[in-house]
$ cat entry.txt   # compact mmCIF, C-alpha atoms
# COMPACT_ATOMS: atom_id res chain seq x y z
CA MET A 1 -36.68 138.43 26.17
CA SER A 2 -36.00 137.69 22.66
CA LEU A 3 -38.48 140.36 21.73
CA LEU A 4 -36.40 143.11 23.25
CA THR A 5 -33.09 142.10 21.76
CA PRO A 6 -32.55 143.24 18.19
CA ASN A 7 -31.80 140.64 15.57
CA PRO A 8 -29.25 141.92 12.98
CA GLY A 9 -30.88 140.06 10.05
CA LEU A 10 -34.27 141.52 10.82
CA ILE A 11 -32.83 145.02 11.10
CA PHE A 12 -31.05 144.57 7.75
CA TRP A 13 -34.24 143.48 5.95
CA MET A 14 -36.28 146.23 7.59
CA LEU A 15 -33.71 148.77 6.42
CA VAL A 16 -33.74 147.34 2.88
CA VAL A 17 -37.56 147.38 2.73
CA PHE A 18 -37.63 150.91 4.18
CA LEU A 19 -35.14 152.20 1.62
CA LEU A 20 -37.04 150.42 -1.17
CA VAL A 21 -40.31 152.04 -0.06
CA VAL A 22 -38.58 155.43 0.17
CA PHE A 23 -37.15 154.98 -3.33
CA ILE A 24 -40.46 153.91 -4.84
CA LEU A 25 -42.30 156.74 -3.05
CA SER A 26 -39.72 159.29 -4.19
CA LYS A 27 -39.91 158.09 -7.79
CA PHE A 28 -43.69 157.75 -8.12
CA ALA A 29 -45.54 159.27 -5.16
CA TRP A 30 -43.58 162.26 -3.79
CA LYS A 31 -43.87 164.41 -6.89
CA PRO A 32 -47.66 163.98 -7.31
CA ILE A 33 -48.16 164.44 -3.54
CA LEU A 34 -45.99 167.59 -3.48
CA LYS A 35 -47.67 168.84 -6.66
CA GLY A 36 -51.11 168.25 -5.08
CA LEU A 37 -50.04 170.08 -1.93
CA LYS A 38 -48.63 172.98 -4.00
CA ASP A 39 -51.85 173.14 -6.05
CA ARG A 40 -53.93 173.11 -2.89
CA GLU A 41 -51.74 175.85 -1.38
CA ASN A 42 -52.19 177.93 -4.55
CA GLU A 43 -55.97 177.40 -4.48
CA ILE A 44 -56.14 178.44 -0.82
CA GLN A 45 -53.95 181.51 -1.50
CA GLY A 46 -56.14 182.42 -4.52
CA ALA A 47 -59.27 182.08 -2.39
CA LEU A 48 -57.69 184.27 0.31
CA ASP A 49 -56.68 186.87 -2.29
CA LEU A 50 -60.17 186.79 -3.80
CA ALA A 51 -61.71 187.17 -0.34
CA GLU A 52 -59.45 190.17 0.38
CA LYS A 53 -60.27 191.72 -3.00
CA THR A 54 -63.99 191.13 -2.42
CA ARG A 55 -63.74 192.66 1.06
CA ALA A 56 -62.01 195.74 -0.40
CA GLU A 57 -64.66 195.99 -3.13
CA MET A 58 -67.43 195.67 -0.54
CA ALA A 59 -65.82 198.44 1.53
CA GLN A 60 -65.59 200.60 -1.61
CA LEU A 61 -69.21 199.83 -2.52
CA LYS A 62 -70.30 200.63 1.01
CA SER A 63 -68.42 203.92 0.86
CA ASP A 64 -69.95 204.69 -2.56
CA ASN A 65 -73.42 203.80 -1.26
CA GLU A 66 -72.97 206.10 1.73
CA LYS A 67 -71.89 208.92 -0.63
CA LEU A 68 -74.90 208.27 -2.87
CA ILE A 69 -77.22 208.24 0.13
CA ALA A 70 -75.70 211.50 1.39
CA GLU A 71 -76.11 213.06 -2.07
CA ALA A 72 -79.69 211.79 -2.33
CA ASN A 73 -80.47 213.20 1.12
CA ALA A 74 -78.95 216.55 0.13
CA ILE A 75 -80.98 216.59 -3.09
CA ARG A 76 -84.15 215.61 -1.20
CA ASP A 77 -83.52 218.39 1.35
CA GLN A 78 -82.94 220.90 -1.47
CA ILE A 79 -86.15 219.81 -3.22
CA LEU A 80 -88.09 220.14 0.04
CA ARG A 81 -86.60 223.61 0.66
CA ASP A 82 -87.44 224.67 -2.90
CA ALA A 83 -90.98 223.33 -2.57
CA LYS A 84 -91.45 225.13 0.76
CA ASP A 85 -90.07 228.36 -0.72
CA ALA A 86 -92.37 228.00 -3.72
CA SER A 87 -95.39 227.38 -1.49
CA ASP A 88 -94.45 230.34 0.71
CA ARG A 89 -94.12 232.55 -2.38
CA THR A 90 -97.45 231.30 -3.71
CA ILE A 91 -99.14 231.97 -0.37
CA ALA A 92 -97.59 235.45 -0.18
CA GLU A 93 -98.64 236.22 -3.76
CA SER A 94 -102.15 234.96 -3.04
CA LYS A 95 -102.35 237.09 0.09
CA ASP A 96 -101.12 240.14 -1.84
CA LYS A 97 -103.63 239.50 -4.65
CA ALA A 98 -106.41 239.04 -2.10
CA ALA A 99 -105.44 242.28 -0.36
CA VAL A 100 -105.40 244.16 -3.69
CA GLU A 101 -108.77 242.63 -4.64
CA ALA A 102 -110.21 243.52 -1.25
CA GLN A 103 -108.94 247.10 -1.63
CA LYS A 104 -110.50 247.30 -5.12
CA ILE A 105 -113.81 245.96 -3.78
CA ILE A 106 -113.73 248.42 -0.87
CA GLU A 107 -112.91 251.31 -3.20
CA SER A 108 -115.67 250.24 -5.58
CA ALA A 109 -118.12 250.02 -2.67
CA ARG A 110 -117.08 253.51 -1.49
CA GLU A 111 -117.53 254.90 -5.01
CA THR A 112 -120.95 253.25 -5.25
CA ILE A 113 -121.91 254.68 -1.86
CA ARG A 114 -120.73 258.17 -2.94
CA ASN A 115 -122.69 257.92 -6.18
CA GLU A 116 -125.82 256.69 -4.41
CA GLN A 117 -125.38 259.42 -1.78
CA ALA A 118 -125.10 262.09 -4.52
CA VAL A 119 -128.19 260.69 -6.24
CA ALA A 120 -130.06 260.65 -2.91
CA VAL A 121 -129.00 264.25 -2.11
CA SER A 122 -130.03 265.31 -5.60
CA LYS A 123 -133.41 263.62 -5.18
CA ILE A 124 -133.86 265.23 -1.76
CA LYS A 125 -133.00 268.67 -3.17
CA LYS A 126 -135.44 268.11 -6.02
CA GLU A 127 -138.12 267.02 -3.56
CA VAL A 128 -137.41 270.02 -1.32
CA ALA A 129 -137.57 272.34 -4.33
CA THR A 130 -140.80 270.72 -5.50
CA LEU A 131 -142.30 270.93 -2.01
CA SER A 132 -141.15 274.55 -1.68
CA LEU A 133 -142.76 275.43 -4.98
CA GLU A 134 -145.98 273.67 -4.01
CA ILE A 135 -145.99 275.44 -0.65
CA ALA A 136 -145.24 278.79 -2.32
CA GLU A 137 -147.95 278.15 -4.88
CA LYS A 138 -150.47 277.38 -2.17
CA VAL A 139 -149.40 280.41 -0.13
CA LEU A 140 -149.62 282.67 -3.18
CA HIS A 141 -152.86 281.14 -4.17
CA ARG A 142 -154.31 281.85 -0.76
CA GLU A 143 -152.86 285.39 -0.66
CA LEU A 144 -154.04 286.23 -4.11
CA GLU A 145 -157.57 284.93 -3.93
CA ASP A 146 -159.06 288.33 -4.14
CA LYS A 147 -158.57 290.62 -7.14
CA GLY A 148 -157.30 293.60 -5.18
CA ALA A 149 -154.43 291.65 -3.60
CA GLN A 150 -153.38 290.46 -7.06
CA GLU A 151 -153.29 293.95 -8.48
CA LYS A 152 -151.34 295.24 -5.51
CA LEU A 153 -148.73 292.42 -5.88
CA ILE A 154 -148.37 293.15 -9.61
CA ALA A 155 -147.87 296.82 -8.90
CA ASP A 156 -145.26 296.12 -6.22
CA LEU A 157 -143.40 293.76 -8.52
CA ALA A 158 -143.53 296.20 -11.41
CA SER A 159 -142.20 299.05 -9.27
CA SER A 160 -139.41 296.94 -7.78
CA ALA A 161 -138.37 295.76 -11.25
CA ARG A 162 -136.53 298.61 -12.85
CA LEU A 163 -137.04 298.81 -16.51
CA ASN A 164 -134.56 300.68 -18.56
$ encode --input "entry.txt" --output "structure tokens"
Amino acid sequence: MSLLTPNPGLIFWMLVVFLLVVFILSKFAWKPILKGLKDRENEIQGALDLAEKTRAEMAQLKSDNEKLIAEANAIRDQILRDAKDASDRTIAESKDKAAVEAQKIIESARETIRNEQAVAVSKIKKEVATLSLEIAEKVLHRELEDKGAQEKLIADLASSARLN
């Protein structure tokens, strides 16, 4: 049981060695250890601050990117609307030009038909007049084959024509 009973000499020397170790540690080791811990704490705090700053910057960049994307989408939509409007205007103008051209062609065709019809009517009248004259000539020729009929026709014409 000598192990369980404290020996005052042993306790004294343990206390002296303990105090000596505490003194040596406080003189040479505590300050560098505390300084190292403080430096490590500062590094960790700096890293945390940097991480927080980076997170805030990332949130700001994300927000800016979303704004840019929204603006780009709005610009794209405006460009598409403008292009559609321009194509609609071009189509409408083309249709209008085509309608005007078609009307001009139709009017030109009508004018050509009228001119050709007038020429045809004129030719028909000329033919009818020519045929009438030929028929009249043949009739007169047949009527006036004998000399007496000719003299009688001349006398009738002379009497019907009043000379002043």
$ atom_distance --input "entry.txt" --atom1 "CA of Lys67 in chain A" --atom2 "CA of Leu50 in chain A"
25.2 Å
$ atom_distance --input "entry.txt" --atom1 "CA of Gln103 in chain A" --atom2 "CA of Arg89 in chain A"
20.8 Å
$ atom_distance --input "entry.txt" --atom1 "CA of Val121 in chain A" --atom2 "CA of Glu137 in chain A"
23.7 Å
$ decode --input "entry.txt" --residues "range 121-156 of chain A" --atoms "N, CA, C and O atoms" --output "JSON list (two decimals), in the first residue's frame"
[["chain", "number", "residue", "atom", "x", "y", "z"],
["A", 121, "VAL", "N", -63.75, 46.08, -136.47],
["A", 121, "VAL", "CA", -65.02, 46.67, -136.92],
["A", 121, "VAL", "C", -64.78, 47.53, -138.16],
["A", 121, "VAL", "O", -65.56, 47.51, -139.12],
["A", 122, "SER", "N", -63.66, 48.28, -138.11],
["A", 122, "SER", "CA", -63.34, 49.12, -139.27],
["A", 122, "SER", "C", -63.10, 48.26, -140.50],
["A", 122, "SER", "O", -63.58, 48.58, -141.60],
["A", 123, "LYS", "N", -62.37, 47.16, -140.33],
["A", 123, "LYS", "CA", -62.13, 46.26, -141.46],
["A", 123, "LYS", "C", -63.44, 45.67, -141.97],
["A", 123, "LYS", "O", -63.65, 45.55, -143.19],
["A", 124, "ILE", "N", -64.31, 45.28, -141.02],
["A", 124, "ILE", "CA", -65.59, 44.68, -141.43],
["A", 124, "ILE", "C", -66.42, 45.71, -142.19],
["A", 124, "ILE", "O", -67.02, 45.39, -143.24],
["A", 125, "LYS", "N", -66.45, 46.95, -141.70],
["A", 125, "LYS", "CA", -67.20, 48.00, -142.40],
["A", 125, "LYS", "C", -66.64, 48.22, -143.81],
["A", 125, "LYS", "O", -67.40, 48.39, -144.78],
["A", 126, "LYS", "N", -65.30, 48.23, -143.90],
["A", 126, "LYS", "CA", -64.67, 48.42, -145.20],
["A", 126, "LYS", "C", -65.02, 47.27, -146.14],
["A", 126, "LYS", "O", -65.32, 47.48, -147.31],
["A", 127, "GLU", "N", -64.99, 46.04, -145.58],
["A", 127, "GLU", "CA", -65.34, 44.87, -146.38],
["A", 127, "GLU", "C", -66.80, 44.94, -146.83],
["A", 127, "GLU", "O", -67.12, 44.64, -147.99],
["A", 128, "VAL", "N", -67.67, 45.33, -145.87],
["A", 128, "VAL", "CA", -69.10, 45.43, -146.21],
["A", 128, "VAL", "C", -69.29, 46.49, -147.29],
["A", 128, "VAL", "O", -70.06, 46.28, -148.25],
["A", 129, "ALA", "N", -68.59, 47.63, -147.14],
["A", 129, "ALA", "CA", -68.72, 48.69, -148.14],
["A", 129, "ALA", "C", -68.20, 48.20, -149.49],
["A", 129, "ALA", "O", -68.83, 48.44, -150.54],
["A", 130, "THR", "N", -67.06, 47.51, -149.46],
["A", 130, "THR", "CA", -66.49, 47.00, -150.71],
["A", 130, "THR", "C", -67.44, 45.99, -151.34],
["A", 130, "THR", "O", -67.69, 46.03, -152.56],
["A", 131, "LEU", "N", -67.97, 45.07, -150.52],
["A", 131, "LEU", "CA", -68.91, 44.07, -151.04],
["A", 131, "LEU", "C", -70.17, 44.75, -151.58],
["A", 131, "LEU", "O", -70.70, 44.36, -152.63],
["A", 132, "SER", "N", -70.66, 45.77, -150.85],
["A", 132, "SER", "CA", -71.85, 46.48, -151.31],
["A", 132, "SER", "C", -71.61, 47.15, -152.65],
["A", 132, "SER", "O", -72.48, 47.11, -153.55],
["A", 133, "LEU", "N", -70.43, 47.76, -152.78],
["A", 133, "LEU", "CA", -70.12, 48.41, -154.05],
["A", 133, "LEU", "C", -69.99, 47.39, -155.17],
["A", 133, "LEU", "O", -70.47, 47.61, -156.29],
["A", 134, "GLU", "N", -69.38, 46.25, -154.87],
["A", 134, "GLU", "CA", -69.25, 45.22, -155.90],
["A", 134, "GLU", "C", -70.61, 44.68, -156.30],
["A", 134, "GLU", "O", -70.89, 44.47, -157.49],
["A", 135, "ILE", "N", -71.47, 44.48, -155.27],
["A", 135, "ILE", "CA", -72.82, 43.98, -155.57],
["A", 135, "ILE", "C", -73.58, 45.03, -156.38],
["A", 135, "ILE", "O", -74.25, 44.71, -157.38],
["A", 136, "ALA", "N", -73.47, 46.30, -155.96],
["A", 136, "ALA", "CA", -74.18, 47.37, -156.69],
["A", 136, "ALA", "C", -73.66, 47.48, -158.11],
["A", 136, "ALA", "O", -74.43, 47.69, -159.06],
["A", 137, "GLU", "N", -72.34, 47.33, -158.26],
["A", 137, "GLU", "CA", -71.76, 47.42, -159.59],
["A", 137, "GLU", "C", -72.29, 46.29, -160.48],
["A", 137, "GLU", "O", -72.65, 46.51, -161.64],
["A", 138, "LYS", "N", -72.35, 45.09, -159.90],
["A", 138, "LYS", "CA", -72.85, 43.96, -160.68],
["A", 138, "LYS", "C", -74.32, 44.13, -161.01],
["A", 138, "LYS", "O", -74.75, 43.82, -162.13],
["A", 139, "VAL", "N", -75.08, 44.63, -160.02],
["A", 139, "VAL", "CA", -76.52, 44.85, -160.28],
["A", 139, "VAL", "C", -76.69, 45.90, -161.36],
["A", 139, "VAL", "O", -77.48, 45.74, -162.30],
["A", 140, "LEU", "N", -75.96, 47.00, -161.25],
["A", 140, "LEU", "CA", -76.07, 48.07, -162.24],
["A", 140, "LEU", "C", -75.59, 47.58, -163.61],
["A", 140, "LEU", "O", -76.16, 47.92, -164.65],
["A", 141, "HIS", "N", -74.55, 46.81, -163.55],
["A", 141, "HIS", "CA", -74.03, 46.31, -164.80],
["A", 141, "HIS", "C", -75.07, 45.44, -165.50],
["A", 141, "HIS", "O", -75.26, 45.52, -166.71],
["A", 142, "ARG", "N", -75.75, 44.62, -164.75],
["A", 142, "ARG", "CA", -76.76, 43.75, -165.30],
["A", 142, "ARG", "C", -77.96, 44.57, -165.78],
["A", 142, "ARG", "O", -78.55, 44.29, -166.82],
["A", 143, "GLU", "N", -78.35, 45.56, -165.00],
["A", 143, "GLU", "CA", -79.51, 46.39, -165.34],
["A", 143, "GLU", "C", -79.24, 47.25, -166.58],
["A", 143, "GLU", "O", -80.14, 47.56, -167.34],
["A", 144, "LEU", "N", -78.00, 47.65, -166.68],
["A", 144, "LEU", "CA", -77.69, 48.61, -167.74],
["A", 144, "LEU", "C", -76.97, 47.96, -168.92],
["A", 144, "LEU", "O", -76.24, 48.59, -169.66],
["A", 145, "GLU", "N", -77.24, 46.74, -169.17],
["A", 145, "GLU", "CA", -76.59, 46.06, -170.28],
["A", 145, "GLU", "C", -77.11, 46.58, -171.63],
["A", 145, "GLU", "O", -76.37, 46.70, -172.58],
["A", 146, "ASP", "N", -78.33, 46.91, -171.65],
["A", 146, "ASP", "CA", -78.79, 47.43, -172.93],
["A", 146, "ASP", "C", -78.75, 48.96, -172.93],
["A", 146, "ASP", "O", -78.78, 49.58, -171.89],
["A", 147, "LYS", "N", -78.67, 49.55, -174.10],
["A", 147, "LYS", "CA", -78.46, 50.98, -174.28],
["A", 147, "LYS", "C", -79.68, 51.76, -173.86],
["A", 147, "LYS", "O", -79.56, 52.83, -173.27],
["A", 148, "GLY", "N", -80.82, 51.28, -174.04],
["A", 148, "GLY", "CA", -82.06, 51.98, -173.70],
["A", 148, "GLY", "C", -82.20, 52.13, -172.20],
["A", 148, "GLY", "O", -82.62, 53.18, -171.69],
["A", 149, "ALA", "N", -81.84, 51.12, -171.43],
["A", 149, "ALA", "CA", -81.94, 51.19, -169.98],
["A", 149, "ALA", "C", -80.96, 52.21, -169.46],
["A", 149, "ALA", "O", -81.25, 52.94, -168.50],
["A", 150, "GLN", "N", -79.79, 52.33, -170.10],
["A", 150, "GLN", "CA", -78.80, 53.31, -169.66],
["A", 150, "GLN", "C", -79.31, 54.72, -169.88],
["A", 150, "GLN", "O", -79.18, 55.58, -169.01],
["A", 151, "GLU", "N", -79.89, 54.95, -171.03],
["A", 151, "GLU", "CA", -80.38, 56.30, -171.33],
["A", 151, "GLU", "C", -81.52, 56.65, -170.40],
["A", 151, "GLU", "O", -81.64, 57.79, -169.96],
["A", 152, "LYS", "N", -82.37, 55.74, -170.10],
["A", 152, "LYS", "CA", -83.50, 55.99, -169.21],
["A", 152, "LYS", "C", -82.99, 56.33, -167.81],
["A", 152, "LYS", "O", -83.46, 57.24, -167.14],
["A", 153, "LEU", "N", -81.98, 55.61, -167.30],
["A", 153, "LEU", "CA", -81.40, 55.87, -165.97],
["A", 153, "LEU", "C", -80.77, 57.25, -165.95],
["A", 153, "LEU", "O", -80.95, 58.00, -164.99],
["A", 154, "ILE", "N", -80.06, 57.64, -167.01],
["A", 154, "ILE", "CA", -79.43, 58.95, -167.06],
["A", 154, "ILE", "C", -80.49, 60.02, -167.06],
["A", 154, "ILE", "O", -80.35, 61.02, -166.34],
["A", 155, "ALA", "N", -81.55, 59.81, -167.76],
["A", 155, "ALA", "CA", -82.62, 60.81, -167.80],
["A", 155, "ALA", "C", -83.28, 60.93, -166.43],
["A", 155, "ALA", "O", -83.57, 62.06, -165.95],
["A", 156, "ASP", "N", -83.52, 59.84, -165.79],
["A", 156, "ASP", "CA", -84.14, 59.88, -164.44],
["A", 156, "ASP", "C", -83.21, 60.59, -163.46],
["A", 156, "ASP", "O", -83.66, 61.39, -162.63]]
